[in-house]
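Below you'll find the structure, written out as structure tokens, and then a few comments.
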Number of protein chains: 4
Amino acid sequence: MIVHTRLESAHLAGNLLGDPSERDLFVYLPPGYDDDPGRRYPVAYLLHAYGGSAELLVRPATDGERWSPPLEDVLEPVFRRLGSPPLIVAIPDGWSRWGCSQWVDSPVTGNFEQYVLHDVVGHVDAAYRTLPAAASRGVFGFSSGGFGAWHLASRNPGVFGALAVLSADSFLDLTHKHFVYEYLDSIWPEAPSGPIEGNGLSEMIYQYAACYSPNPDRPPFYVDLPVAFPSGELRQDVWDRWLAFDPVVNVHDRLDNLRRLSGILLDAGVKDEYRLQWGHRLLSHHLTEARIAHELVENAGNHGGRSRERYQVALEWLARVLRRD
Amino acid sequence: MIVHTRLESAHLAGNLLGDPSERDLFVYLPPGYDDDPGRRYPVAYLLHAYGGSAELLVRPATDGERWSPPLEDVLEPVFRRLGSPPLIVAIPDGWSRWGCSQWVDSPVTGNFEQYVLHDVVGHVDAAYRTLPAAASRGVFGFSSGGFGAWHLASRNPGVFGALAVLSADSFLDLTHKHFVYEYLDSIWPEAPSGPIEGNGLSEMIYQYAACYSPNPDRPPFYVDLPVAFPSGELRQDVWDRWLAFDPVVNVHDRLDNLRRLSGILLDAGVKDEYRLQWGHRLLSHHLTEARIAHELVENAGNHGGRSRERYQVALEWLARVLRRD
Amino acid sequence: MIVHTRLESAHLAGNLLGDPSERDLFVYLPPGYDDDPGRRYPVAYLLHAYGGSAELLVRPATDGERWSPPLEDVLEPVFRRLGSPPLIVAIPDGWSRWGCSQWVDSPVTGNFEQYVLHDVVGHVDAAYRTLPAAASRGVFGFSSGGFGAWHLASRNPGVFGALAVLSADSFLDLTHKHFVYEYLDSIWPEAPSGPIEGNGLSEMIYQYAACYSPNPDRPPFYVDLPVAFPSGELRQDVWDRWLAFDPVVNVHDRLDNLRRLSGILLDAGVKDEYRLQWGHRLLSHHLTEARIAHELVENAGNHGGRSRERYQVALEWLARVLRRD
Amino acid sequence: MIVHTRLESAHLAGNLLGDPSERDLFVYLPPGYDDDPGRRYPVAYLLHAYGGSAELLVRPATDGERWSPPLEDVLEPVFRRLGSPPLIVAIPDGWSRWGCSQWVDSPVTGNFEQYVLHDVVGHVDAAYRTLPAAASRGVFGFSSGGFGAWHLASRNPGVFGALAVLSADSFLDLTHKHFVYEYLDSIWPEAPSGPIEGNGLSEMIYQYAACYSPNPDRPPFYVDLPVAFPSGELRQDVWDRWLAFDPVVNVHDRLDNLRRLSGILLDAGVKDEYRLQWGHRLLSHHLTEARIAHELVENAGNHGGRSRERYQVALEWLARVLRRD
């Protein structure tokens with residue numbers, strides 16, 4: 001069963017994009033939740049990917065060439081067919097006008113890290129029979145959702161005790177820098193002038209910039225772009241701001257936090273079109289160098305084709321590592 | 001719950017390809033089947049597609065870029081999340097060495113029509129608490145499985161009372177004839193000389209020929225091909241044998257049978273890469289001309305991308321039209 | 001050197017599409033033409049393809065990802081580098097609003113067969129030092145231009161004495177019928193309502209219909225379409241009108257004409273995306289059955305990737321077979 | 001007319017790959033060369049691209065889906081149709097076993113810079129009526145040939161007086177670094193173990209390494225690779241050796257040389273699949289910053305689709321800027 005509520009958040013209010021500060025929250029309650037009113041459950045927070053929303057993750061669009069089942073059909077077999085011990089799964093909304101909040105704090109898109117840490121976790125612990133401690137809280141997500149999971153848990157080990165990163169944005173130098181040039185090509189020879197409807201690259205680059213290199217003093221888009229136009233020269237100062245969010249870069253500054261987690265799972269497909277498996281490999285390399293225990297799993301998939309299976313894998317894993325008193 | 005058994009069949013024994021005569025049979029029992037030992041259920045027979053098998057339909061391969069869930073995760077939500085009244089679903093095996101039996105009788109591949117009608121239906125009625133009458137039996141399938149469903153029900157209304165055809169092989173003149181030429185191109189300038197490993201077109205053409213234009217007197221492949229080599233001329237006599245299996249052709253000879261069915265569902269995606277939607281449209285046109293009630297449904301999908309959703313749709317529909325005493 | 005003139009034609013005047021009756025004519029004069037004012041030359045008529053015009057063939061557009069050289073760079077090496085004996089090459093215009101006149105007579109698009117036979121050939125013989133006899137006149141073209149070459153020479157052996165067919169529209173049942181369905185898919189579920197800008201399939205189907213199944217009594221598009229909407233049923237009477245233009249069909253009625261030609265060259269690529277090599281193969285088969293001498297050549301190319309080389313091959317061949325008194 | 005000779009070179013002898021030290025040299029003589037035995041000509045050196053050879057440039061393979069004309073058909077119209085003043089064009093061979101010498105000196109592949117500077121230029125000046133001075137010598141090429149042209153002229157302004165760079169390897173950080181990871185993906189999870197037949201990426205990476213980061217002490221492949229296996233970490237020291245060859249990097253050290261050239265042409269397509277237009281843009285930016293005159297031209301093409309036209313453009317340009325006493 002999935003319960004739908006709406007949360008109003010002061011952390012999201014006043015964002016420069018004018019995105020709504022009231023958001024969906026979906027909470028999946030596992031089979032048996034209603035049978036034993038005294039039982040408390042660990043909670044897995046599931047963060048959606050770029051281009052999505054909590055609602056789209058729970059109820060995928062049905063007008064495409066391919067069909068995705070409702071999220072319930074993905075979660076339910078974990079506990080019924082696969083027999084995992086039960087978890088509550090909370091699905092907050094990180095939608096942003098240009099694609100995704102990346103689950104970080106930004107004056108442009110809103111303070112989504114604060115929103116999840118305080119409003120979402122607070123509500124879930126208040127409204128459901130949770131085990132309200134970091135050791136019983138995990139966070140996971142796919143693509144930008146995996147990036148968000150890394151961001152939240154590696155910075156807030158007092159809130160989240162386990163972390164599952166699925167095909168996450170990482171190693172931006174290899175995997176994302178070229179998109180900036182492809183965006184410029186998409187509008188060439190015009191100069192950058194904001195997101196353009198129907199030009200996904202333009203939205204993506206402005207979205208990332210709104211999250212990684214916001215500049216509230218620079219209306220109307222409030223961002224700094226990391227490549228100069230028309231020379232193509234990398235603006236190293238701006239790019240360094242992007243890199244500060246890159247897991248393969250910031251891992252070095254968060255080793256103590258990461259050591260506090262009871263589990264870290266890195267999972268990616270070896271045919272990821274964005275080459276994110278290399279981010280995972282490099283991240284694993286740095287964790288290994290720092291002697292931080294973690295699991296690196298590679299599957300046969302591309303970026304998105306196995307995401308639902310990987311949600312199940314991550315959930316089974318969280319069901320094992322999260323403390324159930 | 002899915003029960004796995006093996007059936008030995010005299011109807012399959014002695015096929016010229018030397019394929020096994022013992023086959024898998026999977027039977028899905030709906031939620032609650034064990035709770036009321038006096039209750040009897042309608043049965044939906046689900047026929048798999050070309051390139052598959054009963055086992056692959058029930059437990060899809062997990063080594064690809066994309067993931068397909070176990071069949072149980074597709075069937076179970078029909079009865080739990082969608083709340084359909086319960087059905088038994090029987091999944092027989094129609095695998096053939098070159099791709100698929102097409103669910104027809106052939107001296108080359110085996111007599112799969114007889115196998116399903118007698119061995120499979122007989123076993124299911126004997127081993128499970130079924131409602132053993134045509135009005136409580138439906139048959140459905142996707143692609144070659146939809147073709148098989150048409151073949152079985154339109155010829156045997158005394159066995160099957162309802163028919164759901166999903167993106168079925170049909171209108172072969174438009175949708176399949178060109179494959180014969182593409183096969184010849186794939187080996188050009190060599191002459192046809194049987195299925196070649198790694199050349200899917202070669203297997204497909206020999207498979208269809210083994211089903212539609214078998215020739216036991218012509219070893220080692222026992223088929224007649226419908227295009228002359230190297231001229232490319234259509235051998236009309238052979239092609240007519242293929243067309244005799246084409247739903248848009250044989251519908252005219254089976255009108256009385258079709259009138260006896262309690263329901264006919266035709267469902268296809270409007271972006272089918274094989275243009276099978278045109279087979280469905282033309283079939284619907286002929287049924288309408290004959291004043292035979294049926295439902296023509298078109299979805300937004302391509303050939304395969306929504307197949308699991310369409311299984312759910314067909315199953316919901318069968319749950320409505322099959323008699324439950 | 002290529003000479004550009006304009007011809008006004010009564011045969012084109014009054015066409016129902018309102019296309020211009022004055023057309024470009026380009027005439028290539030071989031190296032040495034000006035050196036010996038008493039010398040007379042055979043003439044090769046080069047017919048352009050669908051989507052083109054005489055001007056685009058002579059001076060290809062230069063704004064694409066790929067570059068095509070001016071026609072002069074294709075013709076000149078035939079006589080300089082390859083050393084062929086000289087020919088005049090005449091390039092008439094068969095452009096039509098929806099794609100191409102197909103070089104046939106039609107009340108909708110204009111009488112292009114008459115235009116070439118009378119106006120173009122007449123002008124060329126009058127204005128240049130030609131050998132004005134069928135034995136010294138050849139016609140060739142690629143794709144719809146090859147179709148046009150077949151149409152003109154197989155019907156008018158008193159005008160053209162040699163014929164080179166390059167990857168020509170042929171075997172329409174295999175190669176073109178499906179386009180009608182793809183056009184309907186492109187507008188589905190709307191009913192056909194004429195060519196749509198930006199929808200190339202819509203233009204192509206209406207163009208073919210304007211040439212093969214015109215219907216002056218049916219404004220505003222003046223055509224009969226060969227597939228019924230929405231049933232998808234083939235309208236056999238209309239389709240038969242298309243087939244009457246198909247070389248693999250009408251070859252049977254033109255055997256006497258074809259025997260009068262001094263040479264027939266059929267040339268196609270074995271990777272033709274439209275499978276036109278099968279039209280050539282079948283045409284060759286029928287010619288062989290009728291004991292009509294011809295050359296069937298297959299090259300390694302796809303539909304268009306080797307067209308300029310094949311122009312050179314055809315021109316070398318015509319330079320050999322055309323009589324130079 | 002193109003003259004073919006063979007040159008034996010001590011600069012190529014003893015290369016570790018065992019490639020031949022005797023190479024083809026083709027020399028194109030313009031129309032009229034034989035008419036005036038006292039006339040001397042500027043010379044344009046044309047360097048072929050990766051995957052090619054002098055012979056393949058002069059006589060392209062004819063077994064593909066697409067056809068390329070002999071080089072003579074590309075060069076001749078520059079002087080005949082376009083009316084450029086005549087040049088000699090010399091086409092040396094830079095073939096290497098794994099793809100291309102990149103026209104640099106390497107103990108692994110041979111010293112191709114020395115070979116061109118001394119053997120090729122020496123032979124051409126000795127055997128043909130050239131103007132034997134830098135001001136009358138230009139060098140140009142496409143892709144790796146453009147890279148080679150940059151390498152030779154920017155380092156040897158005493159030999160070459162003009163430089164035309166067509167879609168050249170440049171901005172390796174953006175355009176080539178990812179190929180190293182794609183190569184590793186192509187063999188994953190195996191460790192790198194040399195070029196593999198049929199795996200073009202493996203050949204390319206080992207070829208670049210043989211040219212940019214050779215290591216004669218490391219048999220059997222004699223290279224250092226710039227990415228660590230399996231971590232994916234960039235080996236910055238090796239990568240810096242690659243970057244030392246990158247035009248957008250080494251331009252800063254060659255400004256005095258570049259100022260001595262009488263002309264620099266940078267030409268690329270805006271749809272280059274390798275994004276090399278960004279190398280050209282950045283190179284132009286750095287030249288502009290240093291106030292070095294040059295022409296930056298962008299065409300509508302992709303990487304290779306307009307290469308023959310661009311050869312003509314470069315040749316017309318060289319015919320203008322090279323001194324003809």
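Scheme for the structure tokens: letters A, B, ... for chains in order shown; per-chain residue numbers from 1; ligand numbers from 1 in order shown.
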
Mind running chain D against chain C at 6 Å and telling me each contacting residue's nearest atom pair with the distance in Å (one decimal), counting only C-alpha atoms, chain and number ascending, as a Markdown table?
```
| residue | atom | partner | partner_atom | distance |
| --- | --- | --- | --- | --- |
| D:Asp63 | CA | C:Ala300 | CA | 5.8 |
| D:Gly64 | CA | C:Ala300 | CA | 5.9 |
| D:Glu65 | CA | C:Gly301 | CA | 3.8 |
| D:Arg66 | CA | C:Gly305 | CA | 4.1 |
| D:Trp67 | CA | C:Arg306 | CA | 4.9 |
| D:Ala300 | CA | C:Glu65 | CA | 5.7 |
| D:Gly301 | CA | C:Glu65 | CA | 3.8 |
| D:Asn302 | CA | C:Glu65 | CA | 5.2 |
| D:Gly305 | CA | C:Arg66 | CA | 4.1 |
| D:Arg306 | CA | C:Trp67 | CA | 4.9 |
```

>> For Trp239 (chain C), find every residue with an atom within 12 Å (counting only C-alpha atoms), except residues of its own chain fewer than 2 positions away, and show them as a PyMOL selection string.
In response: chain C and resi 172-173+176-177+180+208-209+212-214+224-228+233-237+241-246

Go ahead and save the picked residues with N, CA and C atoms, as a PDB file, in the first residue's frame.
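Dumped everything to result-v3.pdb:
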```pdb
ATOM      1  N   LEU C 172       7.160  -3.307 -57.128  1.00  0.00           N
ATOM      2  CA  LEU C 172       6.475  -2.416 -56.182  1.00  0.00           C
ATOM      3  C   LEU C 172       5.782  -3.188 -55.075  1.00  0.00           C
ATOM      4  N   ASP C 173       5.336  -4.400 -55.376  1.00  0.00           N
ATOM      5  CA  ASP C 173       4.662  -5.202 -54.353  1.00  0.00           C
ATOM      6  C   ASP C 173       5.568  -5.382 -53.137  1.00  0.00           C
ATOM      7  N   HIS C 176       7.437  -1.032 -52.508  1.00  0.00           N
ATOM      8  CA  HIS C 176       6.723   0.231 -52.325  1.00  0.00           C
ATOM      9  C   HIS C 176       5.386   0.101 -51.610  1.00  0.00           C
ATOM     10  N   LYS C 177       4.759  -1.071 -51.669  1.00  0.00           N
ATOM     11  CA  LYS C 177       3.413  -1.181 -51.092  1.00  0.00           C
ATOM     12  C   LYS C 177       3.430  -0.789 -49.619  1.00  0.00           C
ATOM     13  N   VAL C 180       2.745   2.805 -48.385  1.00  0.00           N
ATOM     14  CA  VAL C 180       1.383   3.331 -48.251  1.00  0.00           C
ATOM     15  C   VAL C 180       0.908   3.159 -46.814  1.00  0.00           C
ATOM     16  N   TYR C 208       3.207   9.430 -56.043  1.00  0.00           N
ATOM     17  CA  TYR C 208       3.065   8.196 -56.817  1.00  0.00           C
ATOM     18  C   TYR C 208       1.630   8.074 -57.351  1.00  0.00           C
ATOM     19  N   ALA C 209       0.679   8.364 -56.485  1.00  0.00           N
ATOM     20  CA  ALA C 209      -0.719   8.260 -56.912  1.00  0.00           C
ATOM     21  C   ALA C 209      -1.010   9.247 -58.043  1.00  0.00           C
ATOM     22  N   TYR C 212       0.593   7.387 -60.996  1.00  0.00           N
ATOM     23  CA  TYR C 212       0.166   6.028 -61.353  1.00  0.00           C
ATOM     24  C   TYR C 212      -1.353   5.855 -61.312  1.00  0.00           C
ATOM     25  N   SER C 213      -2.013   6.557 -60.419  1.00  0.00           N
ATOM     26  CA  SER C 213      -3.477   6.411 -60.315  1.00  0.00           C
ATOM     27  C   SER C 213      -4.126   7.782 -60.184  1.00  0.00           C
ATOM     28  N   PRO C 214      -3.869   8.646 -61.175  1.00  0.00           N
ATOM     29  CA  PRO C 214      -4.478   9.973 -61.128  1.00  0.00           C
ATOM     30  C   PRO C 214      -5.990   9.860 -61.311  1.00  0.00           C
ATOM     31  N   ASP C 224      -6.424   8.561 -56.716  1.00  0.00           N
ATOM     32  CA  ASP C 224      -6.980   7.434 -55.972  1.00  0.00           C
ATOM     33  C   ASP C 224      -5.849   6.791 -55.182  1.00  0.00           C
ATOM     34  N   LEU C 225      -6.087   6.508 -53.911  1.00  0.00           N
ATOM     35  CA  LEU C 225      -5.074   5.840 -53.089  1.00  0.00           C
ATOM     36  C   LEU C 225      -5.342   4.343 -53.082  1.00  0.00           C
ATOM     37  N   PRO C 226      -4.292   3.545 -53.022  1.00  0.00           N
ATOM     38  CA  PRO C 226      -4.467   2.095 -53.174  1.00  0.00           C
ATOM     39  C   PRO C 226      -4.804   1.337 -51.892  1.00  0.00           C
ATOM     40  N   VAL C 227      -4.947   2.035 -50.774  1.00  0.00           N
ATOM     41  CA  VAL C 227      -5.296   1.351 -49.528  1.00  0.00           C
ATOM     42  C   VAL C 227      -6.487   2.070 -48.912  1.00  0.00           C
ATOM     43  N   ALA C 228      -7.469   1.291 -48.475  1.00  0.00           N
ATOM     44  CA  ALA C 228      -8.663   1.863 -47.868  1.00  0.00           C
ATOM     45  C   ALA C 228      -8.366   2.292 -46.435  1.00  0.00           C
ATOM     46  N   GLU C 233      -7.419  -2.316 -46.033  1.00  0.00           N
ATOM     47  CA  GLU C 233      -7.611  -3.257 -47.138  1.00  0.00           C
ATOM     48  C   GLU C 233      -7.020  -2.686 -48.423  1.00  0.00           C
ATOM     49  N   LEU C 234      -6.316  -3.531 -49.174  1.00  0.00           N
ATOM     50  CA  LEU C 234      -5.769  -3.111 -50.454  1.00  0.00           C
ATOM     51  C   LEU C 234      -6.916  -2.938 -51.448  1.00  0.00           C
ATOM     52  N   ARG C 235      -6.923  -1.785 -52.098  1.00  0.00           N
ATOM     53  CA  ARG C 235      -7.910  -1.599 -53.181  1.00  0.00           C
ATOM     54  C   ARG C 235      -7.267  -2.139 -54.453  1.00  0.00           C
ATOM     55  N   GLN C 236      -7.610  -3.361 -54.802  1.00  0.00           N
ATOM     56  CA  GLN C 236      -6.873  -4.071 -55.843  1.00  0.00           C
ATOM     57  C   GLN C 236      -6.944  -3.350 -57.189  1.00  0.00           C
ATOM     58  N   ASP C 237      -8.076  -2.707 -57.462  1.00  0.00           N
ATOM     59  CA  ASP C 237      -8.197  -2.031 -58.761  1.00  0.00           C
ATOM     60  C   ASP C 237      -7.212  -0.868 -58.875  1.00  0.00           C
ATOM     61  N   ARG C 241      -3.361  -0.427 -61.105  1.00  0.00           N
ATOM     62  CA  ARG C 241      -2.915   0.707 -61.936  1.00  0.00           C
ATOM     63  C   ARG C 241      -1.464   1.064 -61.612  1.00  0.00           C
ATOM     64  N   TRP C 242      -1.116   0.955 -60.323  1.00  0.00           N
ATOM     65  CA  TRP C 242       0.296   1.169 -59.974  1.00  0.00           C
ATOM     66  C   TRP C 242       1.168   0.085 -60.621  1.00  0.00           C
ATOM     67  N   LEU C 243       0.712  -1.140 -60.505  1.00  0.00           N
ATOM     68  CA  LEU C 243       1.530  -2.248 -61.018  1.00  0.00           C
ATOM     69  C   LEU C 243       1.751  -2.163 -62.529  1.00  0.00           C
ATOM     70  N   ALA C 244       0.823  -1.536 -63.217  1.00  0.00           N
ATOM     71  CA  ALA C 244       0.992  -1.411 -64.673  1.00  0.00           C
ATOM     72  C   ALA C 244       2.248  -0.603 -65.008  1.00  0.00           C
ATOM     73  N   PHE C 245       2.720   0.181 -64.066  1.00  0.00           N
ATOM     74  CA  PHE C 245       3.955   0.945 -64.281  1.00  0.00           C
ATOM     75  C   PHE C 245       5.198   0.199 -63.794  1.00  0.00           C
ATOM     76  N   ASP C 246       4.997  -0.932 -63.135  1.00  0.00           N
ATOM     77  CA  ASP C 246       6.118  -1.647 -62.505  1.00  0.00           C
ATOM     78  C   ASP C 246       6.908  -2.409 -63.572  1.00  0.00           C
TER      79      ASP C 246
END
```

>> Need to verify the contact set: region 287-298 of chain C, 10 Å, only C-alpha atoms, exclusion of same-chain residues closer than 3 positions in sequence. Can you return it as a PyMOL selection string?
In response: chain C and resi 163-167+248+251-252+255-256+258-271+277+280-284+301

> Do you have the CA of Pro157 (chain C)-CA of Ala134 (chain C) distance handy?
Replying inline: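 Going from CA of Pro157 (chain C) over to CA of Ala134 (chain C), I get 7.2 Å.
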
> What does the distance from CA of Ser193 (chain B) to CA of Ala168 (chain B) come to in Å, to one decimal?
Replying inline: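 CA of Ala168 (chain B) lies at a distance of 28.3 Å from CA of Ser193 (chain B).
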
> By how many Å are CA of Pro92 (chain D) and CA of Gly200 (chain D) apart?
Replying inline: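 CA of Gly200 (chain D) lies at a distance of 23.7 Å from CA of Pro92 (chain D).
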
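Distances from B:Gln102, B:Tyr33, B:Val89, B:Gly122 to Ser53 (chain B) were compared using only C-alpha atoms, and the smallest one belongs to B:Gln102.
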
> How would you write, as a list in words, the set of residues in region 183-244 of chain B that DSSP gives as alpha helix (DSSP H)?
Replying inline: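 Residues of region 183-244 of chain B classed as alpha helix (DSSP H): Tyr183, Leu184, Asp185, Ser186, Ile187, Gly200, Leu201, Ser202, Glu203, Met204, Ile205, Tyr206, Gln207, Tyr208, Ala209, Ala210, Cys211, Tyr212, Gln236, Asp237, Val238, Trp239, Asp240, Arg241, Trp242 and Leu243 of chain B.
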
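Inside region 159-236 of chain A, the residues DSSP reads as strand (DSSP E or B) when given the backbone are Ala162, Leu163, Ala164, Val165, Leu166, Ile196, Asn199, Pro214, Val223, Val227 and Leu234 of chain A.
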